[in-house]
$ cat entry.txt   # compact mmCIF, C-alpha atoms
# COMPACT_ATOMS: atom_id res chain seq x y z
CA MET A 1 -63.17 1.53 -74.70
CA ILE A 2 -60.49 2.50 -72.17
CA ASN A 3 -57.19 0.66 -72.40
CA LYS A 4 -56.23 -1.11 -69.16
CA TYR A 5 -52.75 -2.34 -68.31
CA ASN A 6 -51.49 -4.58 -65.52
CA ILE A 7 -48.14 -3.34 -64.23
CA ALA A 8 -45.93 -5.38 -61.93
CA VAL A 9 -44.17 -2.92 -59.61
CA LEU A 10 -40.91 -3.96 -57.93
CA PRO A 11 -39.68 -1.04 -55.78
CA GLY A 12 -36.73 -3.05 -54.44
CA ASP A 13 -34.12 -1.59 -52.11
CA GLY A 14 -32.59 1.71 -51.03
CA ILE A 15 -34.09 4.67 -52.89
CA GLY A 16 -36.07 2.32 -55.14
CA PRO A 17 -39.37 2.75 -53.27
CA GLU A 18 -39.01 6.55 -53.25
CA VAL A 19 -38.38 6.96 -56.98
CA ILE A 20 -41.04 4.39 -57.84
CA HIS A 21 -43.56 6.31 -55.71
CA GLU A 22 -42.92 9.46 -57.76
CA THR A 23 -43.02 7.50 -61.00
CA LYS A 24 -46.42 6.02 -60.19
CA LYS A 25 -47.65 9.50 -59.32
CA VAL A 26 -46.54 10.80 -62.72
CA LEU A 27 -47.92 7.77 -64.56
CA ASP A 28 -51.28 8.24 -62.85
CA ALA A 29 -51.34 11.89 -63.93
CA ALA A 30 -50.62 10.82 -67.51
CA ALA A 31 -53.27 8.08 -67.36
CA GLN A 32 -55.88 10.52 -66.06
CA THR A 33 -55.01 13.12 -68.70
CA TYR A 34 -54.81 10.72 -71.65
CA VAL A 35 -57.60 8.38 -70.48
CA PHE A 36 -56.24 4.92 -69.83
CA GLN A 37 -55.88 2.80 -66.69
CA LEU A 38 -52.83 1.37 -64.93
CA GLN A 39 -53.39 -1.35 -62.36
CA TYR A 40 -50.34 -1.86 -60.14
CA HIS A 41 -49.32 -5.15 -58.51
CA GLU A 42 -46.42 -4.68 -56.09
CA ALA A 43 -43.97 -7.45 -55.26
CA LEU A 44 -40.66 -8.04 -53.50
CA ILE A 45 -37.22 -8.39 -55.06
CA GLY A 46 -33.64 -8.02 -53.89
CA ALA A 47 -32.45 -7.48 -50.32
CA ILE A 48 -35.92 -6.83 -48.94
CA ALA A 49 -37.10 -10.10 -50.50
CA ILE A 50 -34.18 -11.97 -48.94
CA ASP A 51 -35.00 -10.45 -45.55
CA GLU A 52 -38.65 -11.50 -45.78
CA THR A 53 -38.51 -14.75 -47.78
CA ASN A 54 -34.82 -15.77 -47.97
CA ASP A 55 -35.14 -15.57 -51.76
CA PRO A 56 -34.07 -12.56 -53.90
CA LEU A 57 -36.77 -13.46 -56.46
CA PRO A 58 -39.79 -15.05 -54.76
CA GLN A 59 -42.09 -17.15 -56.93
CA ASP A 60 -44.97 -14.76 -56.22
CA THR A 61 -42.92 -11.92 -57.72
CA LEU A 62 -42.06 -13.91 -60.82
CA ALA A 63 -45.69 -14.92 -61.28
CA LYS A 64 -46.86 -11.29 -61.08
CA CYS A 65 -44.22 -10.24 -63.61
CA LYS A 66 -45.19 -12.97 -66.07
CA ALA A 67 -48.87 -12.01 -65.78
CA SER A 68 -48.22 -8.30 -66.35
CA ASP A 69 -48.18 -6.12 -69.44
CA ALA A 70 -44.94 -4.53 -68.22
CA VAL A 71 -42.68 -4.45 -65.17
CA LEU A 72 -41.68 -1.22 -63.40
CA PHE A 73 -38.50 -1.72 -61.39
CA GLY A 74 -36.83 0.50 -58.79
CA ALA A 75 -33.36 -0.47 -57.57
CA ILE A 76 -31.58 -3.39 -56.00
CA GLY A 77 -28.75 -3.83 -53.51
CA ASP A 78 -27.82 -3.38 -49.86
CA PRO A 79 -24.47 -2.65 -48.14
CA LYS A 80 -24.74 -5.70 -45.88
CA TYR A 81 -24.43 -7.85 -48.99
CA ASP A 82 -22.05 -5.57 -50.89
CA ASN A 83 -19.61 -5.73 -47.99
CA ASP A 84 -19.83 -9.50 -47.63
CA PRO A 85 -18.17 -11.22 -50.62
CA SER A 86 -18.85 -14.63 -49.05
CA ALA A 87 -22.64 -14.20 -49.08
CA LYS A 88 -24.24 -17.09 -50.98
CA ILE A 89 -27.56 -15.33 -51.54
CA ARG A 90 -27.28 -11.80 -52.97
CA PRO A 91 -29.86 -9.18 -54.06
CA GLU A 92 -28.43 -8.96 -57.58
CA GLN A 93 -29.21 -12.63 -58.13
CA GLY A 94 -32.88 -11.69 -58.11
CA LEU A 95 -32.56 -9.25 -61.00
CA LEU A 96 -30.36 -11.57 -63.06
CA ALA A 97 -32.80 -14.43 -62.52
CA LEU A 98 -35.75 -12.19 -63.44
CA ARG A 99 -34.10 -11.10 -66.69
CA LYS A 100 -33.43 -14.72 -67.60
CA ALA A 101 -36.90 -15.97 -66.61
CA LEU A 102 -38.64 -13.25 -68.65
CA GLY A 103 -36.29 -13.61 -71.61
CA LEU A 104 -35.24 -9.95 -71.46
CA TYR A 105 -32.40 -10.23 -73.95
CA ALA A 106 -32.02 -6.55 -74.87
CA ASN A 107 -31.24 -3.63 -72.61
CA VAL A 108 -32.05 -0.30 -74.27
CA ARG A 109 -30.46 2.77 -72.74
CA PRO A 110 -30.91 6.23 -74.28
CA VAL A 111 -28.22 8.81 -73.49
CA LYS A 112 -28.59 12.50 -74.21
CA ALA A 113 -27.12 15.81 -73.08
CA TYR A 114 -29.67 18.32 -71.77
CA GLN A 115 -28.65 21.84 -72.73
CA LYS A 116 -29.63 23.20 -69.32
CA LEU A 117 -27.38 20.68 -67.53
CA ILE A 118 -24.32 20.67 -69.76
CA ASP A 119 -22.28 22.44 -67.09
CA LYS A 120 -23.05 19.59 -64.68
CA SER A 121 -21.07 17.12 -66.77
CA PRO A 122 -17.34 16.71 -66.13
CA LEU A 123 -16.87 16.89 -69.91
CA LYS A 124 -16.52 20.12 -71.88
CA GLU A 125 -19.62 21.68 -73.45
CA SER A 126 -18.01 21.59 -76.89
CA ILE A 127 -17.60 17.82 -76.57
CA ILE A 128 -21.02 16.77 -75.32
CA GLN A 129 -23.40 19.37 -76.77
CA GLY A 130 -25.85 17.63 -79.09
CA THR A 131 -25.07 14.12 -77.89
CA ASP A 132 -28.03 11.80 -78.47
CA MET A 133 -27.42 8.06 -78.65
CA VAL A 134 -29.01 4.79 -77.60
CA ILE A 135 -27.12 1.71 -76.36
CA TYR A 136 -28.37 -1.80 -77.12
CA ARG A 137 -26.76 -4.25 -74.69
CA GLU A 138 -27.32 -8.02 -74.83
CA LEU A 139 -28.60 -8.89 -71.38
CA ILE A 140 -29.04 -12.61 -70.65
CA SER A 141 -25.94 -14.32 -71.97
CA GLY A 142 -22.18 -13.80 -72.07
CA ILE A 143 -19.85 -13.96 -69.10
CA TYR A 144 -22.51 -13.00 -66.55
CA PHE A 145 -24.50 -16.13 -67.30
CA GLY A 146 -21.71 -18.53 -68.28
CA ASP A 147 -20.44 -21.40 -66.14
CA LYS A 148 -18.42 -20.30 -63.12
CA SER A 149 -16.09 -22.19 -60.83
CA THR A 150 -13.48 -21.68 -58.13
CA SER A 151 -10.73 -24.15 -57.38
CA ALA A 152 -10.81 -26.16 -54.17
CA ASP A 153 -7.89 -24.18 -52.75
CA GLY A 154 -9.52 -20.87 -53.65
CA LYS A 155 -6.50 -19.72 -55.64
CA SER A 156 -8.05 -19.71 -59.09
CA ALA A 157 -11.44 -19.05 -60.64
CA VAL A 158 -13.09 -19.31 -64.04
CA ASP A 159 -15.95 -17.38 -65.68
CA ILE A 160 -16.94 -18.62 -69.13
CA CYS A 161 -18.18 -16.20 -71.79
CA SER A 162 -20.36 -17.95 -74.34
CA TYR A 163 -22.62 -16.72 -77.15
CA HIS A 164 -24.77 -18.47 -79.72
CA GLN A 165 -25.62 -17.06 -83.13
CA GLU A 166 -29.35 -16.84 -82.33
CA GLU A 167 -28.71 -14.76 -79.19
CA ILE A 168 -26.80 -12.21 -81.24
CA GLU A 169 -29.35 -12.15 -84.06
CA CYS A 170 -32.23 -11.24 -81.72
CA ILE A 171 -30.69 -8.09 -80.31
CA ALA A 172 -28.96 -7.12 -83.55
CA ARG A 173 -32.29 -6.93 -85.39
CA LEU A 174 -33.75 -4.72 -82.66
CA ALA A 175 -30.76 -2.39 -82.87
CA PHE A 176 -30.92 -2.14 -86.66
CA LYS A 177 -34.65 -1.37 -86.52
CA ALA A 178 -33.93 1.38 -83.99
CA ALA A 179 -31.18 2.81 -86.19
CA ARG A 180 -33.62 2.91 -89.10
CA GLN A 181 -35.88 5.16 -86.99
CA ARG A 182 -32.98 7.41 -85.98
CA ASN A 183 -29.92 8.36 -88.07
CA ASN A 184 -29.23 5.04 -89.83
CA LYS A 185 -25.95 4.30 -88.08
CA ILE A 186 -24.85 1.42 -85.84
CA THR A 187 -21.53 0.93 -84.09
CA LEU A 188 -20.75 -2.62 -82.93
CA ILE A 189 -18.45 -2.53 -79.92
CA ASP A 190 -16.40 -5.68 -79.39
CA LYS A 191 -12.88 -7.03 -78.89
CA ALA A 192 -12.61 -9.05 -82.08
CA ASN A 193 -8.80 -8.81 -82.17
CA VAL A 194 -8.67 -11.01 -79.05
CA LEU A 195 -11.96 -12.81 -78.30
CA GLU A 196 -13.63 -15.60 -80.25
CA THR A 197 -17.06 -14.46 -79.00
CA SER A 198 -16.41 -11.01 -80.47
CA ARG A 199 -15.44 -12.52 -83.81
CA LEU A 200 -18.75 -14.39 -83.80
CA TRP A 201 -20.56 -11.14 -83.04
CA ARG A 202 -18.94 -9.46 -86.06
CA LYS A 203 -19.80 -12.36 -88.35
CA VAL A 204 -23.45 -12.47 -87.28
CA VAL A 205 -23.98 -8.69 -87.24
CA LYS A 206 -22.49 -8.36 -90.73
CA THR A 207 -25.03 -10.91 -91.95
CA ILE A 208 -27.94 -9.09 -90.26
CA ALA A 209 -26.72 -5.81 -91.76
CA MET A 210 -27.53 -7.10 -95.24
CA GLU A 211 -31.23 -6.99 -94.26
CA PHE A 212 -30.86 -3.24 -93.54
CA PRO A 213 -28.86 -1.80 -96.46
CA GLU A 214 -29.81 1.78 -95.54
CA VAL A 215 -28.07 1.49 -92.14
CA GLU A 216 -24.35 2.26 -91.95
CA LEU A 217 -22.46 -0.28 -89.84
CA ASP A 218 -19.05 0.30 -88.32
CA PHE A 219 -16.94 -1.49 -85.72
CA MET A 220 -14.94 -0.32 -82.73
CA PHE A 221 -12.85 -2.17 -80.16
CA VAL A 222 -14.18 -1.68 -76.65
CA ASP A 223 -11.04 0.01 -75.32
CA ASN A 224 -11.14 2.58 -78.11
CA ALA A 225 -14.92 2.97 -77.67
CA ALA A 226 -14.43 3.82 -73.99
CA MET A 227 -12.03 6.56 -75.04
CA GLN A 228 -14.20 7.82 -77.92
CA LEU A 229 -17.22 8.21 -75.60
CA ILE A 230 -15.19 10.85 -73.76
CA LEU A 231 -13.46 12.43 -76.76
CA ASN A 232 -16.37 12.59 -79.21
CA PRO A 233 -19.68 11.11 -78.02
CA LYS A 234 -21.62 12.84 -80.82
CA GLN A 235 -20.21 10.36 -83.34
CA PHE A 236 -22.48 7.61 -81.95
CA ASP A 237 -26.10 7.00 -82.87
CA VAL A 238 -26.92 3.37 -81.99
CA ILE A 239 -24.35 1.33 -80.09
CA LEU A 240 -24.70 -2.47 -80.15
CA THR A 241 -22.65 -4.65 -77.83
CA GLU A 242 -22.47 -7.74 -75.65
CA ASN A 243 -23.37 -8.02 -71.98
CA MET A 244 -20.23 -7.07 -70.04
CA PHE A 245 -19.00 -4.43 -72.49
CA GLY A 246 -22.48 -2.92 -72.48
CA ASP A 247 -22.57 -2.82 -68.69
CA ILE A 248 -19.35 -0.82 -68.60
CA ILE A 249 -19.92 1.41 -71.64
CA SER A 250 -23.45 2.41 -70.66
CA ASP A 251 -22.40 3.47 -67.16
CA GLU A 252 -19.52 5.46 -68.60
CA ALA A 253 -21.94 7.18 -70.98
CA SER A 254 -24.10 8.25 -68.04
CA VAL A 255 -21.63 10.99 -67.05
CA ILE A 256 -22.40 12.81 -70.29
CA GLY A 257 -25.74 13.97 -68.91
CA GLY A 258 -24.25 15.13 -65.63
CA SER A 259 -25.97 12.65 -63.33
CA ILE A 260 -26.72 8.95 -63.31
CA GLY A 261 -30.09 10.00 -61.87
CA LEU A 262 -31.27 11.17 -65.32
CA LEU A 263 -31.00 8.05 -67.42
CA PRO A 264 -33.80 5.52 -67.94
CA SER A 265 -33.62 2.08 -69.49
CA ALA A 266 -35.75 -0.71 -70.86
CA SER A 267 -35.05 -4.44 -70.85
CA VAL A 268 -37.13 -6.17 -73.49
CA GLY A 269 -37.82 -9.65 -74.77
CA ASP A 270 -40.29 -11.20 -77.16
CA GLU A 271 -43.08 -11.38 -74.57
CA SER A 272 -42.05 -9.23 -71.59
CA ALA A 273 -40.49 -5.84 -70.88
CA LEU A 274 -39.02 -4.27 -67.75
CA PHE A 275 -38.34 -0.57 -67.19
CA GLU A 276 -35.86 0.80 -64.67
CA PRO A 277 -33.55 3.73 -63.90
CA ILE A 278 -29.89 2.88 -64.44
CA HIS A 279 -28.80 4.04 -60.99
CA GLY A 280 -28.32 1.69 -58.08
CA SER A 281 -30.05 1.58 -54.73
CA TYR A 282 -27.94 4.48 -53.31
CA PRO A 283 -28.59 3.39 -49.69
CA GLN A 284 -26.83 6.48 -48.31
CA ALA A 285 -29.70 8.61 -49.61
CA LYS A 286 -32.54 6.38 -48.45
CA ASP A 287 -35.41 8.30 -46.82
CA LEU A 288 -33.54 11.63 -47.00
CA GLY A 289 -35.64 13.10 -49.81
CA ILE A 290 -32.62 13.75 -52.01
CA ALA A 291 -33.03 10.91 -54.53
CA ASN A 292 -33.45 12.09 -58.12
CA PRO A 293 -36.61 10.45 -59.53
CA ILE A 294 -36.19 11.65 -63.12
CA ALA A 295 -34.49 8.49 -64.41
CA SER A 296 -37.29 6.39 -62.98
CA ILE A 297 -39.96 8.74 -64.32
CA LEU A 298 -38.42 8.63 -67.80
CA SER A 299 -38.34 4.83 -67.50
CA GLY A 300 -42.08 5.07 -66.91
CA ALA A 301 -42.36 7.11 -70.11
CA MET A 302 -40.47 4.38 -71.98
CA MET A 303 -42.96 1.89 -70.55
CA LEU A 304 -45.91 3.90 -71.88
CA GLU A 305 -44.24 4.11 -75.28
CA HIS A 306 -43.87 0.31 -75.22
CA LEU A 307 -47.57 -0.05 -74.33
CA GLY A 308 -48.59 2.17 -77.23
CA GLU A 309 -49.56 5.24 -75.17
CA HIS A 310 -47.37 7.51 -77.26
CA ASP A 311 -49.02 10.84 -76.42
CA ALA A 312 -48.77 10.18 -72.70
CA ALA A 313 -45.12 9.16 -73.02
CA GLU A 314 -44.36 12.34 -74.94
CA ALA A 315 -46.16 14.42 -72.31
CA ILE A 316 -43.96 12.97 -69.56
CA GLN A 317 -40.79 13.59 -71.57
CA ASP A 318 -41.85 17.18 -72.26
CA ALA A 319 -42.72 17.76 -68.61
CA VAL A 320 -39.33 16.42 -67.51
CA LEU A 321 -37.59 18.75 -69.95
CA HIS A 322 -39.65 21.68 -68.64
CA CYS A 323 -38.76 20.69 -65.07
CA ILE A 324 -35.04 20.62 -65.90
CA ASN A 325 -35.16 23.90 -67.81
CA ALA A 326 -36.98 25.55 -64.92
CA GLY A 327 -34.20 24.53 -62.54
CA VAL A 328 -36.42 22.29 -60.42
CA LEU A 329 -33.65 19.85 -59.54
CA THR A 330 -32.51 17.63 -56.71
CA SER A 331 -29.17 18.21 -55.00
CA ASP A 332 -27.22 15.83 -57.27
CA LEU A 333 -27.68 18.44 -60.01
CA ASP A 334 -27.84 21.61 -57.89
CA LYS A 335 -26.04 21.68 -54.55
CA THR A 336 -28.07 24.71 -53.45
CA SER A 337 -31.44 23.19 -54.35
CA LYS A 338 -34.25 23.20 -51.79
CA PHE A 339 -36.32 20.77 -53.83
CA ILE A 340 -36.77 17.23 -52.59
CA THR A 341 -37.71 14.01 -54.35
CA SER A 342 -41.45 14.49 -54.02
CA ASP A 343 -41.25 18.08 -55.31
CA ILE A 344 -39.87 16.83 -58.62
CA GLY A 345 -42.72 14.36 -59.00
CA ASP A 346 -45.31 17.03 -58.10
CA TYR A 347 -43.88 19.51 -60.56
CA ILE A 348 -43.87 17.03 -63.43
CA CYS A 349 -47.41 15.90 -62.56
CA ASN A 350 -48.67 19.48 -62.64
CA HIS A 351 -47.28 20.07 -66.10
CA ILE A 352 -48.85 16.92 -67.45
CA LYS A 353 -52.25 17.79 -65.96
CA TYR A 354 -52.21 21.34 -67.27
CA ARG A 355 -50.70 20.49 -70.64
CA THR A 356 -52.74 21.50 -73.71
CA GLY A 357 -51.21 20.39 -76.97
CA TYR A 358 -47.63 21.58 -76.69
CA ARG A 359 -48.34 24.61 -74.49
CA TYR A 360 -48.44 25.01 -70.73
CA LYS A 361 -50.63 27.25 -68.63
CA ASP A 362 -48.90 30.44 -67.60
CA THR A 363 -49.03 29.73 -63.88
CA ILE A 364 -48.96 26.52 -61.92
CA PRO A 365 -49.39 26.60 -58.14
CA TYR A 366 -46.40 25.07 -56.43
CA ASN A 367 -45.63 24.55 -52.79
CA LYS A 368 -42.34 26.45 -52.83
CA SER A 369 -42.97 29.03 -55.52
CA THR A 370 -44.70 29.56 -58.81
CA ILE A 371 -42.11 28.48 -61.37
CA ILE A 372 -42.51 28.57 -65.12
$ encode --input "entry.txt" --output "structure tokens"
Amino acid sequence: MINKYNIAVLPGDGIGPEVIHETKKVLDAAAQTYVFQLQYHEALIGAIAIDETNDPLPQDTLAKCKASDAVLFGAIGDPKYDNDPSAKIRPEQGLLALRKALGLYANVRPVKAYQKLIDKSPLKESIIQGTDMVIYRELISGIYFGDKSTSADGKSAVDICSYHQEEIECIARLAFKAARQRNNKITLIDKANVLETSRLWRKVVKTIAMEFPEVELDFMFVDNAAMQLILNPKQFDVILTENMFGDIISDEASVIGGSIGLLPSASVGDESALFEPIHGSYPQAKDLGIANPIASILSGAMMLEHLGEHDAAEAIQDAVLHCINAGVLTSDLDKTSKFITSDIGDYICNHIKYRTGYRYKDTIPYNKSTII
């Protein structure tokens, strides 16, 4: 019996539709090769949803996401909202509301340095070579979701950061389980010398750690962690942190790989999961064919892993690595590149289709050249 999966697809804004198009193309190649079916259900979110429905998260979109086996997400944001701080309805509200509605409490973001692209990073090769970590960021609480207010005269404002023990326990257990499958090390990033919420995080995480005696737990203040990510990123295996710190730390970590266009992510809850590249909508690149689809494609691989299609997920990851090693790159990674967004998707598709075990056919027809 063939496995069938319903996938809610939210292309969103800017380059979102372009990278999602390539991701679907790659996913379809994997589904054909490894014999399962993906049924896509597209829906609006973000600026395009505001333009068409005056709502950044229409009810139809939410319904499709709740009925799906997984959600594939592109990007969100538009300059007309970014440049208008007084706007009451904003694209980002749609994504925040979706995370909350689906209970996506954990953002999982792998970060690794590809040997072929080490020279693309602003950091020295000796510092980043061998870096391989994953960041677990709490996603639906903290200061982003706390009560907010601005005084009547507009001269003061308040954002409340609040955490409950149960919210910390949920993501902590996921992070410890991940560490057990990796190198048995977790670093909790907080600001426990100043913040009460951070002191609660330490207390709860220490308690959870007793359930995983084989996992080494250490602690690091967020300001030091930001510095250590640049000085010695190889020291990290699994990073666990709260919402705002995770937002900042994970974007900082993206420079290790040389481009934000390389890093995928998953946002998971007890019943739903959403997969997206970490980059934004990059409106300046919209429809120019220069968007890097690899982060989105790798997010698709994470989705297949979540669905239990492990061989297909591995095939995509291997094909991406082959693509990078062959120098088939968009201009964010190679200023002289003649390859466009769709070329990357085609190349990765070809390697999945012609993959046999762990070997590739010696020649693959390609529209610019035969590259192996």
$ residues_around --input "entry.txt" --residues "Phe236 in chain A" --least-positions-apart "5" --cutoff "10 Å" --atoms "only C-alpha atoms" --output "list in words"
Thr131, Asp132, Met133, Val134, Ile135, Asn183, Lys185, Ile186, Thr187, Ala225, Gln228 and Leu229 of chain A
$ closest_residue --input "entry.txt" --among "A:Leu98, A:Ala315, A:Ile76, A:Leu240" --to "Pro277 in chain A" --atoms "all atoms listed in the file"
A:Ile76
$ residues_around --input "entry.txt" --residues "range 104-110 of chain A" --least-positions-apart "5" --cutoff "8 Å" --atoms "all atoms listed in the file" --output "PDB file with C-alpha atoms, in the frame of the given file"
ATOM      1  CA  ARG A  99     -34.100 -11.100 -66.690  1.00  0.00           C
ATOM      2  CA  ASP A 132     -28.030  11.800 -78.470  1.00  0.00           C
ATOM      3  CA  MET A 133     -27.420   8.060 -78.650  1.00  0.00           C
ATOM      4  CA  VAL A 134     -29.010   4.790 -77.600  1.00  0.00           C
ATOM      5  CA  ILE A 135     -27.120   1.710 -76.360  1.00  0.00           C
ATOM      6  CA  TYR A 136     -28.370  -1.800 -77.120  1.00  0.00           C
ATOM      7  CA  ARG A 137     -26.760  -4.250 -74.690  1.00  0.00           C
ATOM      8  CA  GLU A 138     -27.320  -8.020 -74.830  1.00  0.00           C
ATOM      9  CA  LEU A 139     -28.600  -8.890 -71.380  1.00  0.00           C
ATOM     10  CA  ILE A 140     -29.040 -12.610 -70.650  1.00  0.00           C
ATOM     11  CA  SER A 141     -25.940 -14.320 -71.970  1.00  0.00           C
ATOM     12  CA  GLU A 167     -28.710 -14.760 -79.190  1.00  0.00           C
ATOM     13  CA  CYS A 170     -32.230 -11.240 -81.720  1.00  0.00           C
ATOM     14  CA  ILE A 171     -30.690  -8.090 -80.310  1.00  0.00           C
ATOM     15  CA  SER A 250     -23.450   2.410 -70.660  1.00  0.00           C
ATOM     16  CA  LEU A 263     -31.000   8.050 -67.420  1.00  0.00           C
ATOM     17  CA  PRO A 264     -33.800   5.520 -67.940  1.00  0.00           C
ATOM     18  CA  SER A 265     -33.620   2.080 -69.490  1.00  0.00           C
ATOM     19  CA  ALA A 266     -35.750  -0.710 -70.860  1.00  0.00           C
ATOM     20  CA  SER A 267     -35.050  -4.440 -70.850  1.00  0.00           C
ATOM     21  CA  VAL A 268     -37.130  -6.170 -73.490  1.00  0.00           C
ATOM     22  CA  GLY A 269     -37.820  -9.650 -74.770  1.00  0.00           C
ATOM     23  CA  ASP A 270     -40.290 -11.200 -77.160  1.00  0.00           C
ATOM     24  CA  SER A 272     -42.050  -9.230 -71.590  1.00  0.00           C
ATOM     25  CA  ALA A 273     -40.490  -5.840 -70.880  1.00  0.00           C
ATOM     26  CA  LEU A 274     -39.020  -4.270 -67.750  1.00  0.00           C
TER      27      LEU A 274
END
$ closest_residue --input "entry.txt" --among "A:Leu200, A:Ile324, A:Leu38, A:Ile256" --to "Gly130 in chain A" --atoms "all atoms listed in the file"
A:Ile256
$ closest_residue --input "entry.txt" --among "A:Ile128, A:Ile160, A:Ile239, A:Ala67" --to "Ala113 in chain A" --atoms "all atoms listed in the file"
A:Ile128
$ closest_residue --input "entry.txt" --among "A:Phe212, A:Lys4, A:Ala291, A:Asp159" --to "Asn184 in chain A" --atoms "all atoms listed in the file"
A:Phe212
$ closest_residue --input "entry.txt" --among "A:Ala253, A:Ala29, A:Ala70, A:Ile48" --to "Phe275 in chain A" --atoms "all atoms listed in the file"
A:Ala70
